[in-house]
Structures are given as structure tokens and as C-alpha cells.
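Participant: The following file, work.tsv, comprises TSV, C-alpha atoms and all ligand atoms:
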chain	number	residue	atom	x	y	z
A	276	MET	CA	133.33	100.16	90.51
A	277	ALA	CA	130.12	101.40	92.14
A	278	GLU	CA	129.86	101.09	95.89
A	279	LYS	CA	127.97	98.07	97.16
A	280	LEU	CA	125.40	99.42	99.60
A	281	LEU	CA	124.94	96.16	101.50
A	282	GLU	CA	128.51	94.83	101.46
A	283	GLY	CA	129.06	92.65	104.53
A	284	LYS	CA	125.41	92.70	105.59
A	285	ILE	CA	123.37	89.58	106.25
A	286	GLY	CA	119.63	89.09	106.60
A	287	ILE	CA	116.35	87.39	105.85
A	288	ILE	CA	114.03	87.93	102.90
A	289	THR	CA	110.47	86.59	103.15
A	290	GLY	CA	107.77	86.44	100.49
A	291	ALA	CA	109.47	85.65	97.16
A	292	LEU	CA	106.88	83.55	95.35
A	293	ASP	CA	107.67	84.13	91.68
A	294	GLU	CA	109.65	86.57	89.57
A	295	ASN	CA	106.94	89.25	89.90
A	296	SER	CA	107.15	89.33	93.71
A	297	ILE	CA	108.54	92.47	95.31
A	298	ALA	CA	110.65	90.17	97.52
A	299	TRP	CA	112.07	88.40	94.45
A	300	LYS	CA	113.30	91.69	92.98
A	301	THR	CA	114.63	92.68	96.40
A	302	ALA	CA	116.63	89.46	96.70
A	303	LEU	CA	118.29	90.06	93.32
A	304	LYS	CA	119.12	93.68	94.23
A	305	ALA	CA	120.39	92.71	97.68
A	306	LYS	CA	122.68	90.12	96.11
A	307	GLU	CA	123.88	92.68	93.56
A	308	GLN	CA	124.61	95.12	96.40
A	309	GLY	CA	126.78	92.62	98.26
A	310	ALA	CA	124.40	91.19	100.88
A	311	ARG	CA	124.16	87.57	101.98
A	312	PHE	CA	120.77	86.30	103.10
A	313	VAL	CA	118.43	83.35	103.36
A	314	LEU	CA	115.09	83.17	101.60
A	315	THR	CA	111.96	81.96	103.32
A	316	ASN	CA	108.33	81.40	102.45
A	317	ALA	CA	105.32	79.44	103.68
A	318	PRO	CA	105.71	75.69	103.10
A	319	ILE	CA	102.78	75.72	100.64
A	320	ALA	CA	104.44	78.46	98.55
A	321	MET	CA	107.47	76.24	98.12
A	322	ARG	CA	105.32	73.85	96.12
A	323	MET	CA	103.51	76.57	94.13
A	324	GLY	CA	106.32	78.98	93.35
A	325	SER	CA	109.78	78.88	91.87
A	326	ILE	CA	111.77	80.10	94.87
A	327	GLN	CA	114.47	77.41	94.42
A	328	THR	CA	115.44	79.02	91.13
A	329	LEU	CA	115.90	82.33	92.92
A	330	ALA	CA	117.93	80.64	95.66
A	331	GLU	CA	120.32	79.27	93.03
A	332	GLN	CA	120.70	82.72	91.46
A	333	CYS	CA	121.38	84.25	94.88
A	334	GLU	CA	123.67	81.39	95.96
A	335	THR	CA	121.69	80.74	99.10
A	336	ILE	CA	119.19	78.40	100.74
A	337	VAL	CA	115.44	78.46	101.35
A	338	ILE	CA	114.14	77.76	104.83
A	339	PRO	CA	110.39	77.09	104.85
A	340	ALA	CA	108.48	78.94	107.58
A	341	ASP	CA	104.86	79.88	108.11
A	342	ALA	CA	105.18	83.46	109.38
A	343	THR	CA	102.20	82.98	111.69
A	344	SER	CA	103.95	80.16	113.58
A	345	LEU	CA	106.28	81.16	116.43
A	346	ALA	CA	107.95	77.73	116.28
A	347	ASP	CA	108.62	78.14	112.54
A	348	ILE	CA	110.08	81.63	113.05
A	349	GLU	CA	112.35	80.38	115.85
A	350	LYS	CA	113.58	77.54	113.63
A	351	LEU	CA	114.06	79.96	110.73
A	352	TYR	CA	116.23	82.31	112.79
A	353	ALA	CA	118.28	79.52	114.32
A	354	GLU	CA	118.97	77.87	110.95
A	355	ALA	CA	119.58	81.18	109.16
A	356	LYS	CA	122.03	82.28	111.85
A	357	ALA	CA	123.92	79.01	111.60
A	358	TYR	CA	124.03	79.21	107.79
A	359	LEU	CA	124.98	82.89	107.56
A	360	GLY	CA	127.35	82.78	110.51
A	361	GLY	CA	126.02	85.68	112.53
A	362	ASP	CA	123.18	87.94	113.61
A	363	PHE	CA	121.03	89.79	111.09
A	364	ASP	CA	121.42	93.31	109.72
A	365	PHE	CA	118.07	93.25	107.95
A	366	ILE	CA	114.73	91.48	107.69
A	367	LEU	CA	112.18	92.00	104.91
A	368	HIS	CA	108.55	91.17	105.72
A	369	SER	CA	106.88	90.92	102.31
A	370	ILE	CA	103.84	88.86	103.23
A	371	GLY	CA	100.16	89.38	102.59
A	372	MET	CA	97.10	87.21	102.09
A	373	SER	CA	93.35	87.52	102.65
A	374	PRO	CA	91.06	84.49	102.34
A	375	ASN	CA	88.09	86.92	102.14
A	376	ILE	CA	89.61	88.59	99.07
A	377	ARG	CA	90.54	85.26	97.55
A	378	LYS	CA	86.98	84.03	97.94
A	379	GLY	CA	85.33	87.28	96.85
A	380	ARG	CA	83.67	88.22	100.16
A	381	SER	CA	82.69	91.89	100.42
A	382	TYR	CA	83.44	94.14	103.41
A	383	GLY	CA	79.85	93.75	104.61
A	384	ASP	CA	79.95	89.97	104.36
A	385	LEU	CA	83.29	89.04	105.92
A	386	ASN	CA	83.91	85.58	107.23
A	387	TYR	CA	85.50	86.46	110.58
A	388	ASP	CA	87.60	83.32	110.84
A	389	TRP	CA	89.11	84.27	107.50
A	390	ALA	CA	89.47	87.91	108.60
A	391	MET	CA	91.48	86.74	111.62
A	392	LYS	CA	93.64	84.76	109.21
A	393	SER	CA	94.15	87.90	107.06
A	394	TYR	CA	95.24	89.92	110.11
A	395	ASP	CA	97.48	87.13	111.39
A	396	VAL	CA	99.24	86.47	108.06
A	397	SER	CA	99.43	90.06	106.84
A	398	ALA	CA	100.05	92.04	110.03
A	399	ILE	CA	100.49	90.11	113.28
A	400	SER	CA	103.19	87.97	111.64
A	401	PHE	CA	105.22	91.21	111.43
A	402	HIS	CA	104.95	91.55	115.21
A	403	LYS	CA	105.75	87.86	115.69
A	404	MET	CA	108.88	88.10	113.54
A	405	MET	CA	110.10	91.07	115.59
A	406	GLN	CA	109.16	89.66	118.98
A	407	VAL	CA	110.97	86.40	118.26
A	408	ALA	CA	113.97	88.35	116.88
A	409	GLU	CA	114.12	90.40	120.08
A	410	LYS	CA	113.75	87.38	122.37
A	411	MET	CA	116.39	85.39	120.51
A	412	ASP	CA	118.53	88.55	120.23
A	413	VAL	CA	119.34	87.91	116.58
A	414	MET	CA	119.31	91.52	115.29
A	415	LYS	CA	122.56	93.46	115.08
A	416	THR	CA	122.74	96.99	116.49
A	417	TRP	CA	121.67	99.50	113.79
A	418	GLY	CA	119.80	96.75	111.93
A	419	SER	CA	116.79	97.49	109.74
A	420	ILE	CA	113.38	95.80	109.42
A	421	VAL	CA	110.96	96.64	106.60
A	422	GLY	CA	107.33	95.67	105.95
A	423	LEU	CA	105.18	96.43	102.90
A	424	SER	CA	101.94	98.38	103.08
A	425	TYR	CA	99.33	100.01	100.89
A	426	ILE	CA	97.52	103.36	101.06
A	427	ALA	CA	94.23	101.57	101.81
A	428	ALA	CA	95.49	101.81	105.42
A	429	GLN	CA	94.63	105.53	105.30
A	430	ARG	CA	91.94	105.85	102.61
A	431	VAL	CA	89.05	103.68	101.48
A	432	TYR	CA	89.55	101.35	98.54
A	433	PRO	CA	86.32	99.32	98.66
A	434	PHE	CA	87.71	96.15	97.09
A	435	TYR	CA	90.63	95.98	99.51
A	436	THR	CA	88.19	94.86	102.29
A	437	ASP	CA	89.89	93.30	105.34
A	438	MET	CA	93.38	93.86	103.89
A	439	ALA	CA	92.87	97.60	104.53
A	440	ASP	CA	92.46	96.86	108.24
A	441	ALA	CA	95.42	94.47	108.14
A	442	LYS	CA	97.61	97.20	106.60
A	443	ALA	CA	96.50	99.76	109.23
A	444	LEU	CA	97.53	97.24	111.89
A	445	LEU	CA	100.82	96.51	110.11
A	446	GLU	CA	101.71	100.23	110.07
A	447	SER	CA	100.77	100.57	113.74
A	448	ILE	CA	103.00	97.61	114.62
A	449	ALA	CA	105.89	99.29	112.77
A	450	ARG	CA	105.51	102.32	115.06
A	451	GLY	CA	105.06	100.29	118.25
A	452	TYR	CA	107.91	97.89	117.62
A	453	GLY	CA	110.05	100.61	116.04
A	454	TYR	CA	110.00	102.47	119.35
A	455	ARG	CA	110.77	99.34	121.33
A	456	PHE	CA	113.55	98.01	119.06
A	457	GLY	CA	115.04	101.49	118.69
A	458	LYS	CA	115.39	101.82	122.46
A	459	ALA	CA	116.57	98.25	122.91
A	460	LYS	CA	119.07	97.93	120.10
A	461	LYS	CA	118.96	100.91	117.71
A	462	VAL	CA	117.12	98.69	115.22
A	463	ARG	CA	114.86	100.67	112.90
A	464	VAL	CA	111.44	99.52	111.70
A	465	ASN	CA	109.56	101.03	108.77
A	466	THR	CA	106.82	100.20	106.31
A	467	ILE	CA	106.88	101.13	102.63
A	468	SER	CA	103.50	102.02	101.15
A	469	GLN	CA	103.88	100.80	97.59
A	470	SER	CA	101.95	101.62	94.38
A	471	PRO	CA	99.63	98.92	93.01
A	472	THR	CA	102.00	96.32	91.55
A	473	LYS	CA	101.28	93.40	89.21
A	474	THR	CA	102.09	90.46	91.50
A	475	THR	CA	100.11	87.42	92.65
A	476	ALA	CA	98.93	89.24	95.81
A	477	GLY	CA	98.21	92.48	93.92
A	478	THR	CA	96.26	91.14	90.97
A	479	GLY	CA	94.18	88.95	93.29
A	480	ILE	CA	92.33	92.06	94.48
A	481	GLY	CA	88.99	92.76	92.78
A	482	GLY	CA	89.17	95.72	90.39
A	483	PHE	CA	92.99	95.66	90.43
A	484	ASP	CA	93.36	96.87	86.84
A	485	SER	CA	91.10	99.88	87.51
A	486	PHE	CA	93.00	101.11	90.49
A	487	PHE	CA	96.35	100.28	88.90
A	488	ASN	CA	95.45	102.46	85.90
A	489	PHE	CA	93.84	105.17	88.05
A	490	ALA	CA	96.92	105.44	90.29
A	491	ASP	CA	99.18	105.48	87.24
A	492	GLN	CA	97.24	108.42	85.77
A	493	ILE	CA	97.16	110.36	89.06
A	494	SER	CA	100.84	109.95	89.96
A	495	PRO	CA	103.15	112.54	88.37
A	496	LEU	CA	105.87	109.88	88.11
A	497	GLY	CA	103.49	107.03	87.29
A	498	ASN	CA	103.19	103.89	89.41
A	499	ALA	CA	106.34	102.67	91.12
A	500	SER	CA	107.41	99.25	89.81
A	501	ALA	CA	108.34	96.25	91.95
A	502	GLU	CA	111.95	96.77	90.91
A	503	ALA	CA	111.93	100.41	92.03
A	504	CYS	CA	110.41	99.26	95.32
A	505	ALA	CA	113.26	96.77	95.72
A	506	GLU	CA	115.76	99.59	95.22
A	507	TYR	CA	114.03	101.66	97.90
A	508	ILE	CA	114.12	98.67	100.28
A	509	ILE	CA	117.88	98.38	99.70
A	510	THR	CA	118.37	102.01	100.75
A	511	LEU	CA	116.45	101.31	103.95
A	512	PHE	CA	118.71	98.33	104.67
A	513	SER	CA	121.80	100.45	103.97
A	514	ASP	CA	123.71	102.62	106.45
A	515	PHE	CA	122.49	105.77	104.67
A	516	THR	CA	119.08	105.67	106.38
A	517	ARG	CA	120.10	104.89	109.94
A	518	MET	CA	117.97	107.58	111.58
A	519	VAL	CA	114.74	106.72	109.75
A	520	THR	CA	112.40	104.69	111.91
A	521	MET	CA	108.71	104.18	112.82
A	522	GLN	CA	107.71	105.65	109.44
A	523	ASN	CA	105.24	104.65	106.79
A	524	LEU	CA	107.10	105.74	103.66
A	525	PHE	CA	105.11	106.31	100.49
A	526	HIS	CA	106.77	104.84	97.43
A	527	ASP	CA	104.10	105.67	94.91
A	528	GLY	CA	105.34	108.14	92.28
A	529	GLY	CA	103.64	111.03	94.11
A	530	TYR	CA	100.15	109.47	94.18
A	531	SER	CA	99.47	110.06	97.89
A	532	HIS	CA	99.98	113.83	97.62
A	533	THR	CA	98.22	114.46	94.31
A	534	GLY	CA	94.59	115.61	94.34
A	535	ILE	CA	93.86	115.38	90.63
A	536	SER	CA	95.88	115.20	87.41
A	537	GLU	CA	95.26	116.62	83.94
A	538	GLU	CA	94.64	113.07	82.68
A	539	ILE	CA	91.84	112.48	85.17
A	540	MET	CA	90.30	115.93	84.47
A	541	GLU	CA	90.31	115.09	80.77
A	542	ALA	CA	88.67	111.75	81.42
A	543	PHE	CA	85.85	113.55	83.20
A	544	GLY	CA	85.47	116.12	80.43
A	545	THR	CA	86.43	119.20	82.45
A	546	LYS	CA	89.69	120.19	80.83
B	1	LIG	P1	103.31	88.07	96.25
B	1	LIG	O1	102.04	87.32	96.12
B	1	LIG	O2	104.37	87.80	95.27
B	1	LIG	O3	103.90	87.92	97.73
B	1	LIG	C1	103.11	87.64	98.87
B	1	LIG	C2	103.88	86.58	99.63
B	1	LIG	O4	103.28	86.28	100.92
B	1	LIG	C3	103.93	85.24	98.88
B	1	LIG	O5	105.27	84.87	98.64
B	1	LIG	C4	103.25	84.28	99.83
B	1	LIG	O6	103.71	82.94	99.72
B	1	LIG	C5	103.59	84.91	101.17
B	1	LIG	N1	102.81	84.36	102.27
B	1	LIG	C6	101.45	84.22	102.32
B	1	LIG	N2	101.11	83.62	103.49
B	1	LIG	C7	102.27	83.40	104.18
B	1	LIG	C8	102.57	82.82	105.44
B	1	LIG	N3	101.60	82.33	106.25
B	1	LIG	N4	103.87	82.74	105.84
B	1	LIG	C9	104.87	83.21	105.03
B	1	LIG	N5	104.63	83.79	103.83
B	1	LIG	C10	103.35	83.87	103.40
B	1	LIG	O7	102.87	89.61	96.16
B	1	LIG	P2	103.62	90.99	96.50
B	1	LIG	O8	102.81	92.04	95.86
B	1	LIG	O9	105.06	90.89	96.20
B	1	LIG	O10	103.39	91.14	98.07
B	1	LIG	C11	104.40	91.47	98.97
B	1	LIG	C12	103.88	92.51	99.97
B	1	LIG	O11	103.66	93.75	99.29
B	1	LIG	C13	102.56	92.15	100.66
B	1	LIG	O12	102.61	92.58	102.01
B	1	LIG	C14	101.57	92.99	99.88
B	1	LIG	O13	100.39	93.25	100.59
B	1	LIG	C15	102.40	94.26	99.69
B	1	LIG	N6	101.90	95.20	98.70
B	1	LIG	C16	101.58	94.79	97.45
B	1	LIG	C17	101.05	95.68	96.54
B	1	LIG	C18	100.63	95.19	95.18
B	1	LIG	O14	99.84	95.89	94.52
B	1	LIG	N7	101.10	94.06	94.73
B	1	LIG	C19	100.84	97.10	96.86
B	1	LIG	C20	101.26	97.45	98.19
B	1	LIG	C21	101.76	96.52	99.08
Can you dump the structure from the file as C-alpha cells?

Facilitator:
Amino acid sequence: MAEKLLEGKIGIITGALDENSIAWKTALKAKEQGARFVLTNAPIAMRMGSIQTLAEQCETIVIPADATSLADIEKLYAEAKAYLGGDFDFILHSIGMSPNIRKGRSYGDLNYDWAMKSYDVSAISFHKMMQVAEKMDVMKTWGSIVGLSYIAAQRVYPFYTDMADAKALLESIARGYGYRFGKAKKVRVNTISQSPTKTTAGTGIGGFDSFFNFADQISPLGNASAEACAEYIITLFSDFTRMVTMQNLFHDGGYSHTGISEEIMEAFGTK
């Protein structure tokens, strides 16, 4: 029988909304690889999504928590620890939302209250989850924490608006807290910069189909699927990546290092 990469490990998986979610696929893989975990999502997502179905499949519980609320995070950790019977080996932060994108505001017409909400939900919540974890001392030594990013943190994708800034902040927090948690407890912190993926958060971005298809044609391996991303997350939770920390890891089929592909040259009539 194949080795189970997460046998004996316990943790927390945020952000599973429906079966397209990266977190949903990750939960199924983590279960398959022998992990035990609790699922969590914002209280409103519990009403919209189908997370209870996933919980049944994974033989676990859902603990509602708004990731921007310190009180909710504290309650989440306390209840998860009681349910799982110990401290955590891994935490997945798979959370993103921009009211400006949802309401179609351009980068030159941002509503700043909404922008603050985007940064809080999509980036600062990552810091909050780690700060509370450190204060409550709920991470095991050699634990692993992963957040999800997008290449708009480094390059301009006009329709990504304030989420680009949120992702840049998220990646910076991974470095800052990765240093701190590494020193304190040998806990590693990384972000995965994922290909465009057909999920609720992804397809909500203006022009999504264009940049999904563009990235697919540029990348020598094609776009990475949500399922492939889940598999990569599992490796980062496993003991085989213990010395990887403070990194933004591109999981994009080679997109980030490709200048141009034959397909794009052909499309522009220069082949
Ligand atoms: P998704 O829409 O399935 O997941 C986003 C999740 O964030 C949802 O479950 C939602 O309920 C949760 N959320 C929103 N506000 C919250 C709050 N206040 N507290 C707790 N949870 C909250 O979409 P997807 O694509 O699986 O997103 C997961 C992560 O992957 C996000 O960080 C996203 O930015 C990132 N990502 C997505 C890409 C894509 O093209 N879909 C590409 C690169 C990164």
C-alpha cells in the first residue's frame, strides 16, 4: 500500500465553499493521505455552500469562523484542539474576497472601505491566524502553514485591482511570520502562487476566461488544476518539505518563467 504522507497529522483547513474550491480538493486529499482535521469557513459561507457534505465525507466537523475576527479564531483553535485531541501540524489559509471586484470597481475608482475589507479578509487574516496560533501555542514543532497567492502580486493584471495588493501583502506576511515562527517553533510558512482556477473566487474576477486561456497557452504544462494544487499543498504539509519556509512557490505549469509560447506567437501572426 502507498505511504500516507500525512498519517498521524492533524490540522485546520479554511475556505472550502463548494466542490470547486482549492480547499475542498485539499480536504479530500488530506483525508486520503491519513490526516485528521477540522473544516472552517465564514458563517455566511455555511449558508451558501455545501461544506457539511464535505465534512461528512471527511468524517469531521465544521467550526464557523470569520477569519478577520480574533475572537472567532481563538474559538476555532480551542474547539478544534478539543475535537482533534492535540496541537496542529498544519493550517491551510485558502481565503480571498474583494468587495471592489465583486462590485466591479476599477483600480482608479476603489472604494477604500471595501479595499480595507479586501486586505483584511485576503491578507491580514493570514497574520491574525498565525498570531493567535503563536499566542495560544497551538502549533506543533515542525508544523506547516500555507496560504494561497496569485502572480498579480508581482506583475500587473489590470482586472485583479485591490486583490493584487492584498496578495503582495499576503506574501510579505508569509516571509515576516515565517521568520518569526521558524525561530520560535520551527514552524514553516509558505504561499503557493496558483494558476488561474475555475472557482467562485477565481471566476468572479473580470476577464477571468481571457487570462485563464492566456495562461494555459503560455504555460508549457498548461494551467495547474485545483486538484494538482491540493497535491502540492499536501507535500508542503508533509515531512518531506521541512526546510522550505518563507517562500512564494509558483504552482503554475511553468507560466511564471515563460516569456512567450509558440501558441501565442501564432495567435499574433509571427510564426
Ligand atoms: P473559493 O471561492 O472557493 O474560496 C474562497 C474562500 O474564502 C471561500 O470559501 C469563502 O467563503 C472564504 N472566505 C471569504 N471571506 C472569508 C472570511 N471573512 N473568513 C473566512 N473565510 C472567508 O475560491 P478559491 O479559488 O478556492 O480560493 C482559495 C484561495 O486561492 C484564495 O486565497 C484565492 O485568492 C486563491 N487563488 C485562487 C486562484 C483562482 O484563480 N481561483 C488563483 C490563485 C490564488

Participant: May I have the residues within 10 Å of region 487-489 of chain A as a list in words, using only C-alpha atoms and disregarding those fewer than 6 positions away in the same chain?

Facilitator: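 Close residues of region 487-489 of chain A: Ser470, Pro471, Thr472, Lys473, Gly477, Thr478, Gly497, Asn498, Tyr530, Glu538 and Ile539 of chain A.
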
Participant: Compare A:Pro339, A:Gly379, A:Gly283, A:Gly422 by their minimum atom-to-atom distance to Leu524 (chain A), counting only C-alpha atoms, and give me the closest one.

Facilitator: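 Checking each of A:Pro339, A:Gly379, A:Gly283, A:Gly422 against Leu524 (chain A), counting only C-alpha atoms, the winner is A:Gly422.
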
Participant: Tell me, as a list in words, which residues lie within 10 Å of Asp395 (chain A), counting all atoms listed in the file; anything in the same chain fewer than 3 positions away does not count.

Facilitator: Ala342, Thr343, Ser344, Gly371, Met372, Ser373, Trp389, Ala390, Met391, Lys392, Ala398, Ile399, Ser400, Phe401, His402, Lys403 and Ala441 of chain A

Participant: Need the shell around region 326-328 of chain A: protein/DNA/RNA residues with any atom at most 8 Å away, counting all atoms listed in the file. Skip same-chain ones fewer than 5 positions apart. Format as a PyMOL selection string?

Facilitator: chain A and resi 291-293+321+336-337

Participant: Step by step, gather every atom of ligand LIG 1 (chain B) that the file lists, find the box along x, y and z that holds them, add 3 Å on each side, and finally give centre and edge lengths in Å to one decimal, as JSON.

Facilitator:
{"center_x": 102.6, "center_y": 89.9, "center_z": 100.4, "size_x": 11.4, "size_y": 21.1, "size_z": 17.7}

Participant: Near region 427-437 of chain A, counting only C-alpha atoms, which residues have an atom at most 6 Å away, once you skip same-chain residues fewer than 3 positions from it, shown as a PyMOL selection string?

Facilitator: chain A and resi 382+440+442-443+481

Participant: Identify the residues within 12 Å of coordinate (121.1, 100.4, 106.0) (same frame as the file), considering only C-alpha atoms, and give the answer as an MDAnalysis selection string.

Facilitator: chainID A and resid 279:286 305 308 310 363:366 415:421 461:465 507:520

Participant: Given only C-alpha atoms as the basis, pick out the residue of A:Leu351, A:Ile288, A:Ile338, A:Ile297 nearest to Arg311 (chain A).

Facilitator: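 Ranked by minimum distance to Arg311 (chain A), first place goes to A:Ile288.
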
Participant: Using all atoms listed in the file, find the one residue out of A:Ala503, A:Ala353, A:Gly529, A:Met411 that sits nearest to Lys304 (chain A).

Facilitator: A:Ala503

Participant: Looking at all atoms listed in the file, which of A:Phe543, A:Tyr425, A:Phe525, A:Tyr387 is the one that sits closest to ligand LIG 1 (chain B)?

Facilitator: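 Looking only at the distances to ligand LIG 1 (chain B), the closest residue turns out to be A:Tyr425.
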
Participant: Hey, can you check how far CA of Gly453 (chain A) sits from CA of Gln522 (chain A)?

Facilitator: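 Answer for the CA of Gly453 (chain A) to CA of Gln522 (chain A) separation: 8.6 Å.
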
Participant: Between A:Arg455, A:Asn316, A:Trp299, A:Arg380, which is the closest to Leu329 (chain A) once you count all atoms listed in the file?

Facilitator: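 That would be A:Trp299, the residue with the smallest distance to Leu329 (chain A).
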
Participant: Would you compute the distance between atom C6 of ligand LIG 1 (chain B) and CA of Thr289 (chain A)? Give it in Å to one decimal.

Facilitator: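 The value is 9.4 Å.
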
Participant: One decimal, Å: what's the distance from CA of Asp347 (chain A) over to CA of Ala439 (chain A), could you say?

Facilitator: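 Here the two named atoms are 26.3 Å from each other.
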
Participant: Ranking A:Thr474, A:Thr301, A:Thr466, A:Ser381 by minimum distance to ligand LIG 1 (chain B) and counting only C-alpha atoms and all ligand atoms, which one comes first?

Facilitator: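 That would be A:Thr474, the residue with the smallest distance to ligand LIG 1 (chain B).
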
Participant: In the coordinate frame of the file, compute which residues have an atom within 9 Å of (103.0, 112.3, 85.1) when using only C-alpha atoms, and state them as a PyMOL selection string.

Facilitator: chain A and resi 491-497+528+536-538
